[in-house]
>>> print(open('model-v1.txt').read())   # compact mmCIF, C-alpha atoms
# COMPACT_ATOMS: atom_id res chain seq x y z
CA MET A 1 7.09 24.89 -13.85
CA ALA A 2 8.21 24.15 -17.41
CA THR A 3 10.55 27.17 -17.34
CA ALA A 4 12.13 25.95 -14.10
CA ALA A 5 12.92 22.61 -15.75
CA LYS A 6 14.47 24.32 -18.78
CA GLY A 7 16.63 26.65 -16.73
CA GLY A 8 18.32 23.81 -14.87
CA GLU A 9 16.62 24.68 -11.57
CA LYS A 10 14.80 21.97 -9.71
CA PRO A 11 11.15 22.67 -8.94
CA ALA A 12 10.31 22.99 -5.26
CA LEU A 13 9.23 19.69 -3.72
CA ARG A 14 5.90 19.49 -1.94
CA LYS A 15 5.77 18.42 1.68
CA PRO A 16 4.08 15.01 1.99
CA VAL A 17 0.58 15.00 3.42
CA PHE A 18 0.27 11.99 5.72
CA VAL A 19 -3.16 10.36 5.83
CA LYS A 20 -4.63 7.93 8.33
CA VAL A 21 -5.86 4.43 7.45
CA ASP A 22 -9.52 5.30 8.12
CA GLN A 23 -9.36 8.09 5.47
CA LEU A 24 -8.59 5.63 2.63
CA LYS A 25 -11.30 5.22 -0.03
CA PRO A 26 -11.65 2.74 -2.94
CA GLY A 27 -9.95 3.67 -6.21
CA THR A 28 -7.69 6.38 -4.77
CA CYS A 29 -3.92 6.73 -5.10
CA GLY A 30 -1.00 8.91 -4.08
CA HIS A 31 -1.30 8.26 -0.34
CA THR A 32 1.52 8.69 2.17
CA LEU A 33 1.05 6.75 5.41
CA THR A 34 3.00 5.77 8.50
CA VAL A 35 1.96 2.25 9.54
CA LYS A 36 2.97 -0.57 11.84
CA VAL A 37 3.07 -4.13 10.51
CA VAL A 38 0.79 -6.39 12.55
CA SER A 39 1.30 -9.63 10.60
CA ALA A 40 2.83 -10.86 7.34
CA ASN A 41 1.70 -13.99 5.48
CA PRO A 42 3.59 -15.09 2.34
CA VAL A 43 1.38 -16.02 -0.61
CA PRO A 44 2.56 -19.25 -2.30
CA ALA A 45 3.62 -18.83 -5.93
CA ARG A 46 1.26 -20.45 -8.40
CA GLY A 47 2.80 -22.07 -11.46
CA ARG A 48 0.66 -21.94 -14.56
CA ALA A 49 0.92 -24.55 -17.29
CA GLY A 50 -0.76 -22.48 -20.00
CA GLY A 51 1.94 -19.93 -20.78
CA GLY A 52 0.43 -17.30 -18.49
CA GLY A 53 3.42 -17.40 -16.15
CA PRO A 54 6.53 -15.23 -16.07
CA ALA A 55 9.01 -15.10 -18.93
CA VAL A 56 11.69 -17.78 -19.21
CA GLY A 57 14.66 -16.99 -16.98
CA SER A 58 12.83 -14.53 -14.75
CA ARG A 59 12.27 -15.20 -11.08
CA PRO A 60 8.71 -15.57 -9.86
CA ALA A 61 7.39 -12.61 -7.89
CA ARG A 62 7.43 -13.00 -4.13
CA ILE A 63 4.18 -11.73 -2.65
CA ALA A 64 3.06 -11.40 0.95
CA GLU A 65 -0.16 -10.10 2.45
CA CYS A 66 0.69 -7.90 5.42
CA LEU A 67 -1.82 -6.49 7.87
CA VAL A 68 -0.70 -2.91 8.50
CA GLY A 69 -2.34 -0.14 10.46
CA ASP A 70 -2.21 2.91 12.67
CA GLU A 71 -4.24 4.28 15.56
CA THR A 72 -7.38 4.60 13.35
CA GLY A 73 -7.56 1.12 11.75
CA VAL A 74 -5.87 -1.65 9.76
CA ILE A 75 -5.81 -2.69 6.10
CA VAL A 76 -4.22 -5.50 4.08
CA PHE A 77 -1.05 -4.42 2.25
CA THR A 78 0.15 -6.47 -0.72
CA ALA A 79 3.96 -6.54 -0.48
CA ARG A 80 5.97 -7.54 -3.58
CA ASN A 81 9.57 -8.77 -3.93
CA GLU A 82 11.95 -6.66 -1.77
CA GLN A 83 9.00 -5.11 0.11
CA VAL A 84 8.40 -8.55 1.68
CA ASP A 85 11.78 -8.37 3.48
CA MET A 86 11.10 -4.84 4.78
CA LEU A 87 7.63 -5.48 6.17
CA MET A 88 8.24 -7.86 9.05
CA PRO A 89 5.78 -7.97 11.98
CA GLY A 90 6.57 -5.23 14.48
CA ASN A 91 8.30 -2.95 11.96
CA THR A 92 7.13 0.62 11.36
CA ALA A 93 7.13 1.77 7.74
CA ILE A 94 6.39 4.87 5.70
CA LEU A 95 4.46 4.06 2.51
CA ARG A 96 4.82 6.75 -0.16
CA ASN A 97 2.61 7.01 -3.25
CA ALA A 98 0.48 4.07 -2.12
CA ARG A 99 -2.71 3.19 -3.96
CA ILE A 100 -5.89 1.30 -3.17
CA ASP A 101 -6.52 -1.81 -5.29
CA MET A 102 -9.85 -3.60 -5.22
CA PHE A 103 -9.61 -7.39 -4.87
CA LYS A 104 -12.82 -9.43 -4.72
CA GLY A 105 -14.76 -6.37 -3.57
CA SER A 106 -12.41 -5.40 -0.72
CA MET A 107 -9.69 -2.76 -0.44
CA ARG A 108 -5.99 -3.65 -0.55
CA LEU A 109 -3.15 -1.20 -0.12
CA ALA A 110 -0.20 -1.50 -2.55
CA VAL A 111 2.96 0.38 -3.54
CA ASP A 112 4.10 -0.08 -7.14
CA LYS A 113 7.37 0.86 -8.81
CA TRP A 114 6.53 4.57 -8.65
CA GLY A 115 6.10 4.46 -4.87
CA ARG A 116 8.45 3.78 -2.00
CA VAL A 117 8.48 1.71 1.18
CA GLU A 118 10.81 2.91 3.94
CA VAL A 119 11.38 1.21 7.28
CA THR A 120 11.58 3.89 9.97
CA GLU A 121 12.06 4.10 13.73
CA PRO A 122 9.31 2.45 15.81
CA ALA A 123 6.20 4.59 16.15
CA SER A 124 4.58 5.40 19.47
CA PHE A 125 0.96 4.67 18.48
CA ALA A 126 -1.02 1.50 19.24
CA VAL A 127 -2.63 -0.18 16.24
CA LYS A 128 -6.45 -0.26 16.31
CA GLU A 129 -7.06 -3.80 15.04
CA ASP A 130 -10.85 -3.85 15.41
CA ASN A 131 -11.36 -1.46 12.46
CA ASN A 132 -10.24 -3.56 9.47
CA LEU A 133 -11.01 -1.71 6.23
CA SER A 134 -10.21 -4.80 4.14
CA LEU A 135 -13.20 -6.63 5.63
CA VAL A 136 -15.62 -4.02 4.24
CA GLU A 137 -17.05 -5.33 0.97
CA TYR A 138 -17.76 -2.80 -1.79
CA GLU A 139 -19.99 -3.21 -4.82
CA LEU A 140 -19.92 -1.12 -7.98
CA VAL A 141 -23.38 0.31 -8.62
CA ASN A 142 -24.31 1.97 -11.91
CA VAL A 143 -26.73 4.84 -11.43
CA PRO A 144 -29.12 5.42 -14.37
CA GLU A 145 -29.24 9.02 -15.60
>>> encode(input="model-v1.txt", output="C-alpha cells")
Amino acid sequence: MATAAKGGEKPALRKPVFVKVDQLKPGTCGHTLTVKVVSANPVPARGRAGGGGPAVGSRPARIAECLVGDETGVIVFTARNEQVDMLMPGNTAILRNARIDMFKGSMRLAVDKWGRVEVTEPASFAVKEDNNLSLVEYELVNVPE
C-alpha cells in the first residue's frame, strides 16, 4: 500500500459494510448505517462563566439529539452544527464512520469531523421504535485477574 501511494496511484477503496442499529456495541467506531430520523430535539447552549466556554469570536456549537433508526431498532444520534440542518424528522440519512459514545451509561451515536452525514432518498423500511438501544444502561465492570 505504501508503494501505491509513492507511485502516484490511488489505493483501491473498500466497499462500505452497512450495519444495522441492533448490531451496535459500546465503544465501537467506524460504522456505516442507513437510518431514518424519527425526531430531532435541539439542545440549548449553555454559557459558562468560568472560562470553560468557546474561544472569543467563535460561534457556540449547535447540538441536537435526534432519534434515528432502522428496521431493527433506534438510537439517539448527537448532531452537531451543520448536521442539525440535515437531520430533520422524516429524512433518511447515511452515516459514515459513525462511532458510539457513552453518555451517563447509555449509548449515543455520533459522527465527528472524520465521518460524513449524507441525506439520501427516502428508505422503504419502517423504523422499529420499541427497541431503543439508548435506553439500555451499561456499567463498566473491572474483572480481577
>>> closest_atom_pairs(input="model-v1.txt", of="segment 10-79 of chain A", to="segment 127-136 of chain A", cutoff="6 Å", atoms="only C-alpha atoms", output="tab-separated table")
residue	atom	partner	partner_atom	distance
A:Gly69	CA	A:Val127	CA	5.8
A:Asp70	CA	A:Val127	CA	4.7
A:Glu71	CA	A:Val127	CA	4.8
A:Thr72	CA	A:Lys128	CA	5.8
A:Gly73	CA	A:Asn131	CA	4.6
A:Val74	CA	A:Asn132	CA	4.8
A:Ile75	CA	A:Ser134	CA	5.3
>>> residues_around(input="model-v1.txt", residues="Ala64 of chain A", least_positions_apart="2", cutoff="8 Å", atoms="all atoms listed in the file", output="PyMOL selection string")
chain A and resi 40-43+62+66+78-80+84
>>> closest_residue(input="model-v1.txt", among="A:Leu24, A:Ile94, A:Val19, A:Leu13", to="Ala123 of chain A", atoms="all atoms listed in the file")
A:Ile94
>>> atom_distance(input="model-v1.txt", atom1="atom CA of Val141 of chain A", atom2="atom CA of Pro26 of chain A")
13.3 Å
>>> atom_distance(input="model-v1.txt", atom1="atom CA of Val37 of chain A", atom2="atom CA of Met88 of chain A")
6.5 Å
>>> residues_around(input="model-v1.txt", residues="segment 113-119 of chain A", least_positions_apart="3", cutoff="8 Å", atoms="only C-alpha atoms", output="JSON, numbers by chain")
{"A": [83, 86, 87, 91, 92, 93, 94, 95, 96, 97, 98]}
>>> atom_distance(input="model-v1.txt", atom1="atom CA of Ala45 of chain A", atom2="atom CA of Asn81 of chain A")
11.9 Å
